[in-house]
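Listing of protein.cif; format and content: mmCIF, C-alpha atoms and all ligand atoms.
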data_query
loop_
_atom_site.group_PDB
_atom_site.id
_atom_site.type_symbol
_atom_site.label_atom_id
_atom_site.label_comp_id
_atom_site.auth_asym_id
_atom_site.auth_seq_id
_atom_site.Cartn_x
_atom_site.Cartn_y
_atom_site.Cartn_z
ATOM 1 C CA MET A 145 -13.496 -2.567 -0.850
ATOM 2 C CA LEU A 146 -11.988 -1.509 2.499
ATOM 3 C CA SER A 147 -8.804 -3.493 2.929
ATOM 4 C CA HIS A 148 -7.429 -1.979 6.114
ATOM 5 C CA PRO A 149 -10.267 -1.311 8.536
ATOM 6 C CA ASP A 150 -7.852 -0.848 11.446
ATOM 7 C CA LYS A 151 -4.885 0.943 9.869
ATOM 8 C CA LYS A 152 -4.332 3.693 7.384
ATOM 9 C CA THR A 153 -3.940 2.530 3.812
ATOM 10 C CA ILE A 154 -0.654 3.509 2.213
ATOM 11 C CA GLY A 155 -0.616 3.069 -1.535
ATOM 12 C CA ARG A 156 1.883 4.178 -4.128
ATOM 13 C CA PHE A 157 2.606 4.682 -7.795
ATOM 14 C CA ALA A 158 6.098 3.757 -8.963
ATOM 15 C CA PRO A 159 6.719 4.709 -12.593
ATOM 16 C CA SER A 160 10.042 4.151 -14.351
ATOM 17 C CA PRO A 161 11.304 7.365 -15.979
ATOM 18 C CA THR A 162 11.732 5.816 -19.399
ATOM 19 C CA GLY A 163 9.502 8.324 -21.202
ATOM 20 C CA PRO A 164 6.437 10.524 -20.716
ATOM 21 C CA LEU A 165 3.321 9.071 -19.088
ATOM 22 C CA HIS A 166 1.086 7.352 -21.623
ATOM 23 C CA LEU A 167 -2.546 6.423 -21.159
ATOM 24 C CA GLY A 168 -1.698 2.961 -19.806
ATOM 25 C CA SER A 169 0.433 4.262 -16.958
ATOM 26 C CA LEU A 170 -1.960 7.104 -16.160
ATOM 27 C CA TYR A 171 -4.729 4.496 -15.918
ATOM 28 C CA THR A 172 -2.726 2.535 -13.321
ATOM 29 C CA ALA A 173 -1.813 5.739 -11.481
ATOM 30 C CA LEU A 174 -5.476 6.751 -11.321
ATOM 31 C CA ALA A 175 -6.574 3.321 -10.082
ATOM 32 C CA SER A 176 -3.986 3.256 -7.305
ATOM 33 C CA PHE A 177 -4.747 6.862 -6.368
ATOM 34 C CA LEU A 178 -8.492 6.216 -6.149
ATOM 35 C CA GLN A 179 -8.032 2.996 -4.210
ATOM 36 C CA ALA A 180 -5.913 4.801 -1.580
ATOM 37 C CA ARG A 181 -7.892 8.042 -1.420
ATOM 38 C CA SER A 182 -11.274 6.318 -1.263
ATOM 39 C CA GLN A 183 -10.024 4.740 1.973
ATOM 40 C CA HIS A 184 -8.700 8.110 3.221
ATOM 41 C CA GLY A 185 -5.239 6.663 2.782
ATOM 42 C CA LYS A 186 -1.925 8.077 1.731
ATOM 43 C CA TRP A 187 -0.726 7.893 -1.844
ATOM 44 C CA LEU A 188 3.025 7.993 -2.357
ATOM 45 C CA LEU A 189 5.096 8.501 -5.442
ATOM 46 C CA ARG A 190 8.341 6.738 -6.187
ATOM 47 C CA ILE A 191 10.470 7.077 -9.284
ATOM 48 C CA ASP A 192 11.961 3.705 -10.224
ATOM 49 C CA ASP A 193 15.123 5.072 -11.793
ATOM 50 C CA LEU A 194 17.632 2.295 -11.091
ATOM 51 C CA ASP A 195 17.818 0.949 -14.622
ATOM 52 C CA THR A 196 19.968 3.879 -15.732
ATOM 53 C CA PRO A 197 20.475 2.769 -19.366
ATOM 54 C CA ARG A 198 16.688 2.949 -19.837
ATOM 55 C CA ASN A 199 16.172 6.292 -18.089
ATOM 56 C CA VAL A 200 15.266 9.211 -20.308
ATOM 57 C CA GLN A 201 16.414 12.641 -19.281
ATOM 58 C CA GLY A 202 13.567 14.864 -18.141
ATOM 59 C CA ALA A 203 11.074 11.978 -17.982
ATOM 60 C CA ALA A 204 10.769 11.986 -14.179
ATOM 61 C CA ASP A 205 9.907 15.706 -14.078
ATOM 62 C CA ASN A 206 7.522 15.231 -16.952
ATOM 63 C CA ILE A 207 5.757 12.401 -15.087
ATOM 64 C CA LEU A 208 5.403 14.539 -11.954
ATOM 65 C CA SER A 209 3.929 17.503 -13.814
ATOM 66 C CA THR A 210 1.564 15.252 -15.772
ATOM 67 C CA LEU A 211 0.236 13.659 -12.584
ATOM 68 C CA GLU A 212 -0.339 17.118 -11.138
ATOM 69 C CA ALA A 213 -2.124 18.290 -14.270
ATOM 70 C CA PHE A 214 -4.544 15.390 -13.788
ATOM 71 C CA GLY A 215 -5.171 16.247 -10.150
ATOM 72 C CA LEU A 216 -3.240 13.237 -8.832
ATOM 73 C CA HIS A 217 -1.438 14.907 -5.938
ATOM 74 C CA TRP A 218 0.788 12.685 -3.841
ATOM 75 C CA ASP A 219 1.737 12.765 -0.151
ATOM 76 C CA ASP A 220 5.217 13.247 1.290
ATOM 77 C CA SER A 221 8.297 13.804 -0.842
ATOM 78 C CA VAL A 222 8.945 11.864 -3.993
ATOM 79 C CA VAL A 223 11.331 8.943 -3.419
ATOM 80 C CA TYR A 224 13.956 8.218 -6.071
ATOM 81 C CA GLN A 225 15.307 4.679 -6.009
ATOM 82 C CA SER A 226 18.720 5.988 -7.039
ATOM 83 C CA HIS A 227 18.910 7.656 -3.603
ATOM 84 C CA CYS A 228 18.291 4.382 -1.759
ATOM 85 C CA LEU A 229 21.388 2.389 -2.749
ATOM 86 C CA ASP A 230 22.657 2.093 0.845
ATOM 87 C CA ALA A 231 19.374 0.513 1.909
ATOM 88 C CA TYR A 232 19.562 -2.093 -0.869
ATOM 89 C CA GLN A 233 23.133 -2.923 0.130
ATOM 90 C CA PHE A 234 22.088 -3.272 3.765
ATOM 91 C CA TYR A 235 19.478 -5.898 2.913
ATOM 92 C CA LEU A 236 21.769 -7.629 0.408
ATOM 93 C CA ASP A 237 24.335 -7.949 3.205
ATOM 94 C CA GLU A 238 21.667 -9.477 5.410
ATOM 95 C CA LEU A 239 20.888 -12.102 2.763
ATOM 96 C CA ALA A 240 24.616 -12.726 2.248
ATOM 97 C CA GLU A 241 25.083 -13.292 5.970
ATOM 98 C CA LYS A 242 22.307 -15.866 5.878
ATOM 99 C CA GLN A 243 24.034 -17.441 2.840
ATOM 100 C CA LEU A 244 20.948 -16.914 0.746
ATOM 101 C CA ILE A 245 22.631 -15.236 -2.220
ATOM 102 C CA TYR A 246 25.529 -16.245 -4.431
ATOM 103 C CA PRO A 247 27.551 -14.842 -7.337
ATOM 104 C CA CYS A 248 26.736 -15.977 -10.857
ATOM 105 C CA ILE A 249 28.848 -15.329 -13.926
ATOM 106 C CA CYS A 250 26.578 -17.023 -16.463
ATOM 107 C CA SER A 251 25.755 -14.992 -19.538
ATOM 108 C CA ARG A 252 22.437 -15.259 -21.365
ATOM 109 C CA LYS A 253 24.297 -17.000 -24.164
ATOM 110 C CA THR A 254 25.794 -19.633 -21.856
ATOM 111 C CA LEU A 255 22.423 -20.270 -20.286
ATOM 112 C CA ALA A 256 20.713 -20.601 -23.648
ATOM 113 C CA SER A 257 23.216 -23.300 -24.561
ATOM 114 C CA ILE A 258 22.813 -25.340 -21.362
ATOM 115 C CA GLN A 259 19.149 -25.017 -20.450
ATOM 116 C CA THR A 260 15.875 -25.185 -22.330
ATOM 117 C CA THR A 261 13.732 -22.935 -20.116
ATOM 118 C CA ASP A 262 14.166 -19.503 -18.536
ATOM 119 C CA VAL A 263 14.386 -21.093 -15.089
ATOM 120 C CA TYR A 264 18.005 -20.843 -13.991
ATOM 121 C CA SER A 265 19.589 -24.260 -13.641
ATOM 122 C CA GLY A 266 21.748 -23.283 -10.669
ATOM 123 C CA VAL A 267 25.188 -23.966 -12.195
ATOM 124 C CA CYS A 268 26.920 -21.318 -10.075
ATOM 125 C CA ARG A 269 25.102 -22.191 -6.852
ATOM 126 C CA ASN A 270 27.758 -24.384 -5.318
ATOM 127 C CA LYS A 271 30.927 -22.642 -6.450
ATOM 128 C CA THR A 272 33.104 -21.819 -3.492
ATOM 129 C CA THR A 273 35.439 -19.161 -4.860
ATOM 130 C CA LEU A 274 34.531 -15.603 -5.756
ATOM 131 C CA PRO A 275 34.669 -15.118 -9.539
ATOM 132 C CA ASP A 276 37.321 -12.730 -10.877
ATOM 133 C CA SER A 277 35.038 -11.436 -13.636
ATOM 134 C CA PRO A 278 31.859 -9.348 -13.127
ATOM 135 C CA TYR A 279 29.059 -11.337 -11.564
ATOM 136 C CA ALA A 280 25.384 -11.072 -10.769
ATOM 137 C CA LEU A 281 23.922 -11.976 -7.377
ATOM 138 C CA ARG A 282 21.180 -14.579 -7.324
ATOM 139 C CA VAL A 283 18.925 -15.551 -4.465
ATOM 140 C CA LYS A 284 18.641 -19.222 -3.541
ATOM 141 C CA THR A 285 15.085 -20.353 -4.015
ATOM 142 C CA ASP A 286 13.455 -23.322 -2.388
ATOM 143 C CA ALA A 287 10.391 -25.303 -3.299
ATOM 144 C CA ARG A 288 8.042 -23.412 -1.035
ATOM 145 C CA ILE A 289 4.669 -22.479 -2.444
ATOM 146 C CA ILE A 290 3.910 -18.795 -2.273
ATOM 147 C CA GLY A 291 0.210 -18.091 -2.286
ATOM 148 C CA PHE A 292 -1.591 -14.780 -2.029
ATOM 149 C CA ASP A 293 -5.093 -13.508 -2.506
ATOM 150 C CA ASP A 294 -4.988 -10.731 -5.059
ATOM 151 C CA GLY A 295 -7.754 -8.204 -4.438
ATOM 152 C CA LEU A 296 -8.827 -8.397 -8.090
ATOM 153 C CA GLN A 297 -7.357 -11.568 -9.563
ATOM 154 C CA GLY A 298 -8.095 -13.972 -6.717
ATOM 155 C CA LEU A 299 -5.851 -16.696 -5.374
ATOM 156 C CA ILE A 300 -2.437 -17.088 -6.950
ATOM 157 C CA ALA A 301 0.036 -19.782 -5.897
ATOM 158 C CA ARG A 302 3.462 -20.612 -7.270
ATOM 159 C CA ASN A 303 6.253 -22.994 -6.402
ATOM 160 C CA ILE A 304 9.181 -20.592 -6.333
ATOM 161 C CA ALA A 305 12.025 -22.927 -7.261
ATOM 162 C CA GLU A 306 10.046 -24.608 -10.004
ATOM 163 C CA HIS A 307 8.532 -21.507 -11.616
ATOM 164 C CA TYR A 308 11.314 -18.990 -11.243
ATOM 165 C CA GLY A 309 14.477 -20.701 -10.033
ATOM 166 C CA ASP A 310 17.241 -18.665 -8.381
ATOM 167 C CA PHE A 311 16.547 -15.150 -9.655
ATOM 168 C CA ILE A 312 18.812 -12.130 -9.886
ATOM 169 C CA LEU A 313 18.864 -9.465 -7.160
ATOM 170 C CA LYS A 314 21.832 -7.522 -8.458
ATOM 171 C CA ARG A 315 22.779 -7.512 -12.111
ATOM 172 C CA LYS A 316 26.239 -8.070 -13.511
ATOM 173 C CA ASP A 317 26.416 -4.375 -14.402
ATOM 174 C CA GLY A 318 25.944 -3.543 -10.707
ATOM 175 C CA ILE A 319 22.313 -2.436 -11.043
ATOM 176 C CA ILE A 320 19.929 -3.601 -8.331
ATOM 177 C CA ALA A 321 17.169 -5.678 -9.911
ATOM 178 C CA TYR A 322 13.586 -4.432 -9.857
ATOM 179 C CA GLN A 323 12.378 -7.450 -7.804
ATOM 180 C CA PHE A 324 14.661 -6.665 -4.956
ATOM 181 C CA ALA A 325 14.460 -2.865 -4.946
ATOM 182 C CA VAL A 326 10.672 -2.840 -4.997
ATOM 183 C CA VAL A 327 10.468 -5.050 -1.901
ATOM 184 C CA ILE A 328 12.848 -2.858 0.082
ATOM 185 C CA ASP A 329 11.242 0.397 -1.070
ATOM 186 C CA ASP A 330 7.698 -0.681 -0.311
ATOM 187 C CA HIS A 331 8.834 -1.792 3.129
ATOM 188 C CA LEU A 332 10.716 1.439 3.879
ATOM 189 C CA GLN A 333 7.773 3.537 2.691
ATOM 190 C CA GLN A 334 5.411 1.353 4.779
ATOM 191 C CA VAL A 335 3.272 0.683 1.736
ATOM 192 C CA ASN A 336 0.538 -1.768 2.683
ATOM 193 C CA GLU A 337 -1.555 -1.880 -0.485
ATOM 194 C CA ILE A 338 -0.101 -2.102 -3.966
ATOM 195 C CA VAL A 339 -2.232 -1.386 -7.014
ATOM 196 C CA ARG A 340 -0.411 -1.970 -10.279
ATOM 197 C CA GLY A 341 -0.769 -3.507 -13.714
ATOM 198 C CA PHE A 342 -1.756 -7.101 -14.382
ATOM 199 C CA ASP A 343 1.541 -7.580 -16.238
ATOM 200 C CA LEU A 344 3.295 -7.627 -12.829
ATOM 201 C CA LEU A 345 0.997 -10.258 -11.291
ATOM 202 C CA MET A 346 3.436 -13.127 -11.750
ATOM 203 C CA GLU A 347 6.344 -11.096 -10.406
ATOM 204 C CA THR A 348 4.543 -10.890 -7.079
ATOM 205 C CA PRO A 349 5.328 -14.393 -5.740
ATOM 206 C CA LYS A 350 9.051 -13.607 -6.105
ATOM 207 C CA GLN A 351 8.588 -10.400 -4.169
ATOM 208 C CA ILE A 352 6.645 -12.155 -1.413
ATOM 209 C CA TYR A 353 9.393 -14.788 -1.257
ATOM 210 C CA LEU A 354 11.955 -12.028 -0.648
ATOM 211 C CA GLN A 355 9.705 -10.481 2.012
ATOM 212 C CA GLN A 356 9.609 -13.847 3.745
ATOM 213 C CA LEU A 357 13.394 -14.278 3.619
ATOM 214 C CA LEU A 358 13.868 -10.819 5.121
ATOM 215 C CA GLY A 359 11.007 -11.098 7.619
ATOM 216 C CA LEU A 360 9.160 -8.101 6.118
ATOM 217 C CA PRO A 361 5.376 -7.627 6.165
ATOM 218 C CA CYS A 362 3.457 -8.526 3.024
ATOM 219 C CA PRO A 363 1.255 -5.776 1.527
ATOM 220 C CA GLU A 364 -2.104 -6.423 -0.104
ATOM 221 C CA TYR A 365 -2.033 -6.559 -3.905
ATOM 222 C CA LEU A 366 -4.535 -5.542 -6.545
ATOM 223 C CA HIS A 367 -3.476 -6.098 -10.130
ATOM 224 C CA VAL A 368 -5.597 -3.990 -12.461
ATOM 225 C CA PRO A 369 -6.149 -4.918 -16.112
ATOM 226 C CA ILE A 370 -3.753 -3.394 -18.596
ATOM 227 C CA ILE A 371 -4.855 -1.279 -21.536
ATOM 228 C CA VAL A 372 -4.171 -2.826 -24.911
ATOM 229 C CA ASP A 373 -4.246 -1.221 -28.358
ATOM 230 C CA GLN A 374 -6.287 -2.374 -31.376
ATOM 231 C CA GLN A 375 -3.728 -5.113 -32.056
ATOM 232 C CA GLY A 376 -3.943 -6.399 -28.496
ATOM 233 C CA TYR A 377 -0.526 -5.065 -27.446
ATOM 234 C CA LYS A 378 -0.050 -3.458 -24.030
ATOM 235 C CA LEU A 379 0.245 0.320 -24.265
ATOM 236 C CA SER A 380 3.824 0.895 -23.230
ATOM 237 C CA LYS A 381 6.816 2.997 -24.047
ATOM 238 C CA GLN A 382 8.187 0.003 -25.961
ATOM 239 C CA THR A 383 5.166 0.011 -28.280
ATOM 240 C CA ARG A 384 5.629 3.787 -28.605
ATOM 241 C CA ALA A 385 2.317 4.624 -26.958
ATOM 242 C CA SER A 386 1.950 8.373 -27.220
ATOM 243 C CA ALA A 387 2.122 10.698 -24.226
ATOM 244 C CA VAL A 388 -1.242 11.569 -22.673
ATOM 245 C CA ASP A 389 -2.982 14.579 -24.140
ATOM 246 C CA LEU A 390 -2.636 17.464 -21.705
ATOM 247 C CA THR A 391 -4.881 19.803 -23.655
ATOM 248 C CA THR A 392 -8.155 18.211 -22.508
ATOM 249 C CA PRO A 393 -7.389 16.609 -19.131
ATOM 250 C CA GLN A 394 -11.054 16.384 -18.095
ATOM 251 C CA GLN A 395 -11.819 14.335 -21.228
ATOM 252 C CA VAL A 396 -8.864 12.028 -20.529
ATOM 253 C CA ILE A 397 -10.002 11.491 -16.924
ATOM 254 C CA PHE A 398 -13.528 10.812 -18.152
ATOM 255 C CA ASP A 399 -12.258 8.228 -20.653
ATOM 256 C CA LEU A 400 -10.038 6.587 -18.051
ATOM 257 C CA LEU A 401 -12.911 6.338 -15.582
ATOM 258 C CA GLY A 402 -14.833 4.592 -18.339
ATOM 259 C CA LEU A 403 -11.953 2.160 -18.907
ATOM 260 C CA LEU A 404 -11.864 1.602 -15.138
ATOM 261 C CA LYS A 405 -15.567 0.632 -15.390
ATOM 262 C CA GLN A 406 -16.701 3.418 -13.071
ATOM 263 C CA ASN A 407 -19.643 4.567 -15.262
ATOM 264 C CA PRO A 408 -18.821 8.266 -15.073
ATOM 265 C CA PRO A 409 -21.873 10.492 -15.735
ATOM 266 C CA SER A 410 -21.512 12.488 -18.985
ATOM 267 C CA GLU A 411 -21.603 15.801 -17.054
ATOM 268 C CA LEU A 412 -18.097 14.980 -15.803
ATOM 269 C CA GLN A 413 -16.790 15.907 -19.241
ATOM 270 C CA ARG A 414 -17.745 19.507 -18.539
ATOM 271 C CA VAL A 415 -16.456 19.947 -14.985
ATOM 272 C CA SER A 416 -12.926 20.676 -13.773
ATOM 273 C CA VAL A 417 -10.339 17.947 -13.317
ATOM 274 C CA ASN A 418 -10.468 18.401 -9.541
ATOM 275 C CA GLU A 419 -14.249 17.973 -9.519
ATOM 276 C CA SER A 420 -13.947 14.824 -11.637
ATOM 277 C CA ILE A 421 -11.350 13.420 -9.263
ATOM 278 C CA SER A 422 -13.551 14.202 -6.236
ATOM 279 C CA TRP A 423 -16.465 12.414 -7.907
ATOM 280 C CA ALA A 424 -14.236 9.440 -8.678
ATOM 281 C CA ILE A 425 -12.924 9.175 -5.101
ATOM 282 C CA ALA A 426 -16.453 9.274 -3.711
ATOM 283 C CA HIS A 427 -17.717 6.630 -6.174
ATOM 284 C CA TRP A 428 -14.664 4.378 -6.513
ATOM 285 C CA ASN A 429 -15.490 0.715 -6.799
ATOM 286 C CA ALA A 430 -12.773 -1.704 -7.915
ATOM 287 C CA GLU A 431 -15.164 -4.637 -8.127
ATOM 288 C CA PRO A 432 -15.880 -4.401 -11.921
ATOM 289 C CA LEU A 433 -12.160 -4.893 -12.572
ATOM 290 C CA THR A 434 -12.197 -8.311 -10.957
ATOM 291 C CA GLN A 435 -10.771 -11.164 -13.052
ATOM 292 C CA ARG A 436 -10.029 -8.934 -16.020
ATOM 293 C CA GLN A 437 -6.630 -9.040 -17.618
ATOM 294 C CA GLN A 438 -6.995 -6.288 -20.159
ATOM 295 C CA VAL A 439 -9.235 -3.534 -21.482
ATOM 296 C CA ASN A 440 -9.243 -2.007 -24.968
ATOM 297 C CA ALA A 441 -8.149 1.593 -25.401
HETATM 298 N N1 LIG A 501 8.425 0.664 -12.070
HETATM 299 C C1 LIG A 501 7.583 -0.397 -12.505
HETATM 300 C C2 LIG A 501 7.037 -0.081 -13.878
HETATM 301 O O1 LIG A 501 7.020 1.085 -14.274
HETATM 302 C C3 LIG A 501 6.399 -0.653 -11.595
HETATM 303 C C4 LIG A 501 6.802 -1.175 -10.303
HETATM 304 C C5 LIG A 501 5.662 -1.654 -9.424
HETATM 305 O O2 LIG A 501 4.568 -1.071 -9.482
HETATM 306 O O3 LIG A 501 5.901 -2.555 -8.660
HETATM 307 O O4 LIG A 501 6.609 -0.991 -14.557
#
Would you kindly transcribe this structure into structure tokens?
Amino acid sequence: MLSHPDKKTIGRFAPSPTGPLHLGSLYTALASFLQARSQHGKWLLRIDDLDTPRNVQGAADNILSTLEAFGLHWDDSVVYQSHCLDAYQFYLDELAEKQLIYPCICSRKTLASIQTTDVYSGVCRNKTTLPDSPYALRVKTDARIIGFDDGLQGLIARNIAEHYGDFILKRKDGIIAYQFAVVIDDHLQQVNEIVRGFDLLMETPKQIYLQQLLGLPCPEYLHVPIIVDQQGYKLSKQTRASAVDLTTPQQVIFDLLGLLKQNPPSELQRVSVNESISWAIAHWNAEPLTQRQQVNA
């Protein structure tokens, strides 16, 4: 699958430093790495560390050393979202100038009492004075349909106002929301192909909407299946998925290539990690992941 015949592919992996890498995130990292490298593209690394209450000390360094232990070497320097606050403010100011964002003081509790769905009802949209208590910033949505052709999941289309309503770009606690930061970061890093977990598929229309408001280019997207445990739950830090086993990295890579439906030959279990990775780059084929939402660990 060559997505950018005329320009260099720039992919990325953007983990949140909320704990050590578990199998599920290493699986996504490997898929995005192989997709970029098999096209002779760049593979960048960004640490999504804006949600400070969820950050775990030492997790970012642990993630970097784990990726290296598995032969997933990135290009350029690592970008930390916490170092990009001026850029987020710059683009927030641009949206404010266009009158596309507004302050919202509603708490979850208030919203639960006045609306029956998660779609924000817009109560703060037409207020004219700046609130004197802490407020979030929401983007005004309109009823445009955002459609995109996911490289693995096919055509996705959503009416932004109806499905999401005015969503938050900056939280009441001052933290820039994931949706907004990711759009700015991917633009500034010139990322043109995003490989990430299926669980983020339905976040994508919101991100494309923001790209459209800001006049930014839209990358290609490939949402890979997520790994679920025996009970069908996504492997995640929340479900306490254990950190990947660093004692037998070649076995882990072999197992992950199996989960990525790459049919690795059994000899790969006995070669070095770097040799396994070279084999995987040369043989990478994302096609078997098409239309799959999950795989079993
Ligand atoms: N930081 C996000 C996460 O760990 C991923 C962001 C993205 O790939 O867009 O879930």
key: Surroundings of ligand LIG 501 (chain A) up to 7 Å, based on only C-alpha atoms and all ligand atoms, as a ChimeraX atom specification   = /A:157-160,192,326,340
Atomic distance CA of Gln435 (chain A) - CA of Leu296 (chain A), expressed in Å with one decimal = 6.0 Å
key: Residue members of the PyMOL selection byres (((chain A and resi 420) around 12) and not hetatm) in the file shown, as an MDAnalysis selection string   = chainID A and resid 174 178 214:216 393:401 406 408:419 421:428
query = Suppose you want the space between CA of Leu404 (chain A) and CA of Leu211 (chain A); what is it in Å?
reply =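 These two atoms are separated by 17.3 Å.
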key: Ala325 (chain A) environment, 9 Å, only C-alpha atoms, sequence neighbours closer than 2 positions dropped, as a list in words   = Asp192, Leu194, Gln225, Cys228, Leu229, Tyr232, Leu313, Ile320, Ala321, Tyr322, Gln323, Val327, Ile328, Asp329 and Asp330 of chain A
key: Ground truth for the PyMOL selection byres (((chain A and resi 297-299) around 8) and not hetatm), written as a list of chain:residue names   = A:Gly291, A:Phe292, A:Asp293, A:Asp294, A:Gly295, A:Leu296, A:Ile300, A:Ala301, A:Leu366, A:His367, A:Thr434, A:Gln435, A:Arg436
Apply the PyMOL selection byres (((chain A and resi 262) around 12) and not hetatm) to the structure shown and report the selected residues as an mmCIF file with C-alpha atoms, in the coordinates of the input.
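After the write, out02.cif holds the following:
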data_model
loop_
_atom_site.group_PDB
_atom_site.id
_atom_site.type_symbol
_atom_site.label_atom_id
_atom_site.label_comp_id
_atom_site.auth_asym_id
_atom_site.auth_seq_id
_atom_site.Cartn_x
_atom_site.Cartn_y
_atom_site.Cartn_z
ATOM 1 C CA ARG A 252 22.437 -15.259 -21.365
ATOM 2 C CA LYS A 253 24.297 -17.000 -24.164
ATOM 3 C CA LEU A 255 22.423 -20.270 -20.286
ATOM 4 C CA ALA A 256 20.713 -20.601 -23.648
ATOM 5 C CA SER A 257 23.216 -23.300 -24.561
ATOM 6 C CA ILE A 258 22.813 -25.340 -21.362
ATOM 7 C CA GLN A 259 19.149 -25.017 -20.450
ATOM 8 C CA THR A 260 15.875 -25.185 -22.330
ATOM 9 C CA THR A 261 13.732 -22.935 -20.116
ATOM 10 C CA VAL A 263 14.386 -21.093 -15.089
ATOM 11 C CA TYR A 264 18.005 -20.843 -13.991
ATOM 12 C CA SER A 265 19.589 -24.260 -13.641
ATOM 13 C CA GLY A 266 21.748 -23.283 -10.669
ATOM 14 C CA ALA A 305 12.025 -22.927 -7.261
ATOM 15 C CA GLU A 306 10.046 -24.608 -10.004
ATOM 16 C CA HIS A 307 8.532 -21.507 -11.616
ATOM 17 C CA TYR A 308 11.314 -18.990 -11.243
ATOM 18 C CA GLY A 309 14.477 -20.701 -10.033
ATOM 19 C CA ASP A 310 17.241 -18.665 -8.381
ATOM 20 C CA PHE A 311 16.547 -15.150 -9.655
#
key: Residue nearest Phe234 (chain A) - candidates A:Lys152, A:Leu358, A:Lys378, A:Pro247, atoms counted: only C-alpha atoms   = A:Leu358
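Of the listed residues A:Leu390, A:Ala175, A:Leu239, A:Leu274, the one whose atoms come nearest to Leu433 (chain A) is A:Ala175, with distances taken using all atoms listed in the file.
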inquiry  = With distances taken over all atoms listed in the file, which residue among A:Pro363, A:Gly155, A:Pro164, A:Gly185 lies nearest Ser209 (chain A)?
reply    =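 Nearest candidate to Ser209 (chain A) out of A:Pro363, A:Gly155, A:Pro164, A:Gly185: A:Pro164.
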Box centre and edge lengths (Å, one decimal), axis-aligned, region 420-435 of chain A plus 5 Å each side, as AutoDock Vina command-line options:
--center_x -14.2 --center_y 1.8 --center_z -8.4 --size_x 16.9 --size_y 36.0 --size_z 19.3
query = If we count all atoms listed in the file, what is near Asp343 (chain A) at a cut-off of 10 Å, once residues fewer than 5 positions away on the same chain are taken out, given as a VMD selection string?
reply = chain A and resid 367 to 370 378 437 to 438
Write the residues of the preceding selection, restricted to C-alpha atoms, as a compact mmCIF listing (two decimals), keeping the file's coordinate frame.
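New file again_17.txt:
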# COMPACT_ATOMS: atom_id res chain seq x y z
CA HIS A 367 -3.48 -6.10 -10.13
CA VAL A 368 -5.60 -3.99 -12.46
CA PRO A 369 -6.15 -4.92 -16.11
CA ILE A 370 -3.75 -3.39 -18.60
CA LYS A 378 -0.05 -3.46 -24.03
CA GLN A 437 -6.63 -9.04 -17.62
CA GLN A 438 -7.00 -6.29 -20.16
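The space separating CA of Ser386 (chain A) from CA of His166 (chain A) comes to 5.8 Å.
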query = Between A:Pro349, A:Leu165, A:Val388, A:His331, which one has atoms that come closest to Pro361 (chain A), using all atoms listed in the file?
reply =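 Comparing A:Pro349, A:Leu165, A:Val388, A:His331 against Pro361 (chain A), the winner is A:His331.
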task = Would you please work out which residue, of A:Leu188, A:Val372, A:Cys250, A:Ile304, is nearest to Tyr353 (chain A) when using all atoms listed in the file?
result =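 Nearest candidate to Tyr353 (chain A) out of A:Leu188, A:Val372, A:Cys250, A:Ile304: A:Ile304.
For the choices A:Cys362, A:Cys248, A:Ile371, A:Leu170, the atom-to-atom distance to Phe342 (chain A) is smallest for A:Ile371 when using all atoms listed in the file.
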ask   = Using all atoms listed in the file, what residues lie at most 12 Å away from (28.8, -3.6, -16.7) (file coordinates), given as a count of residues only?
value = 12
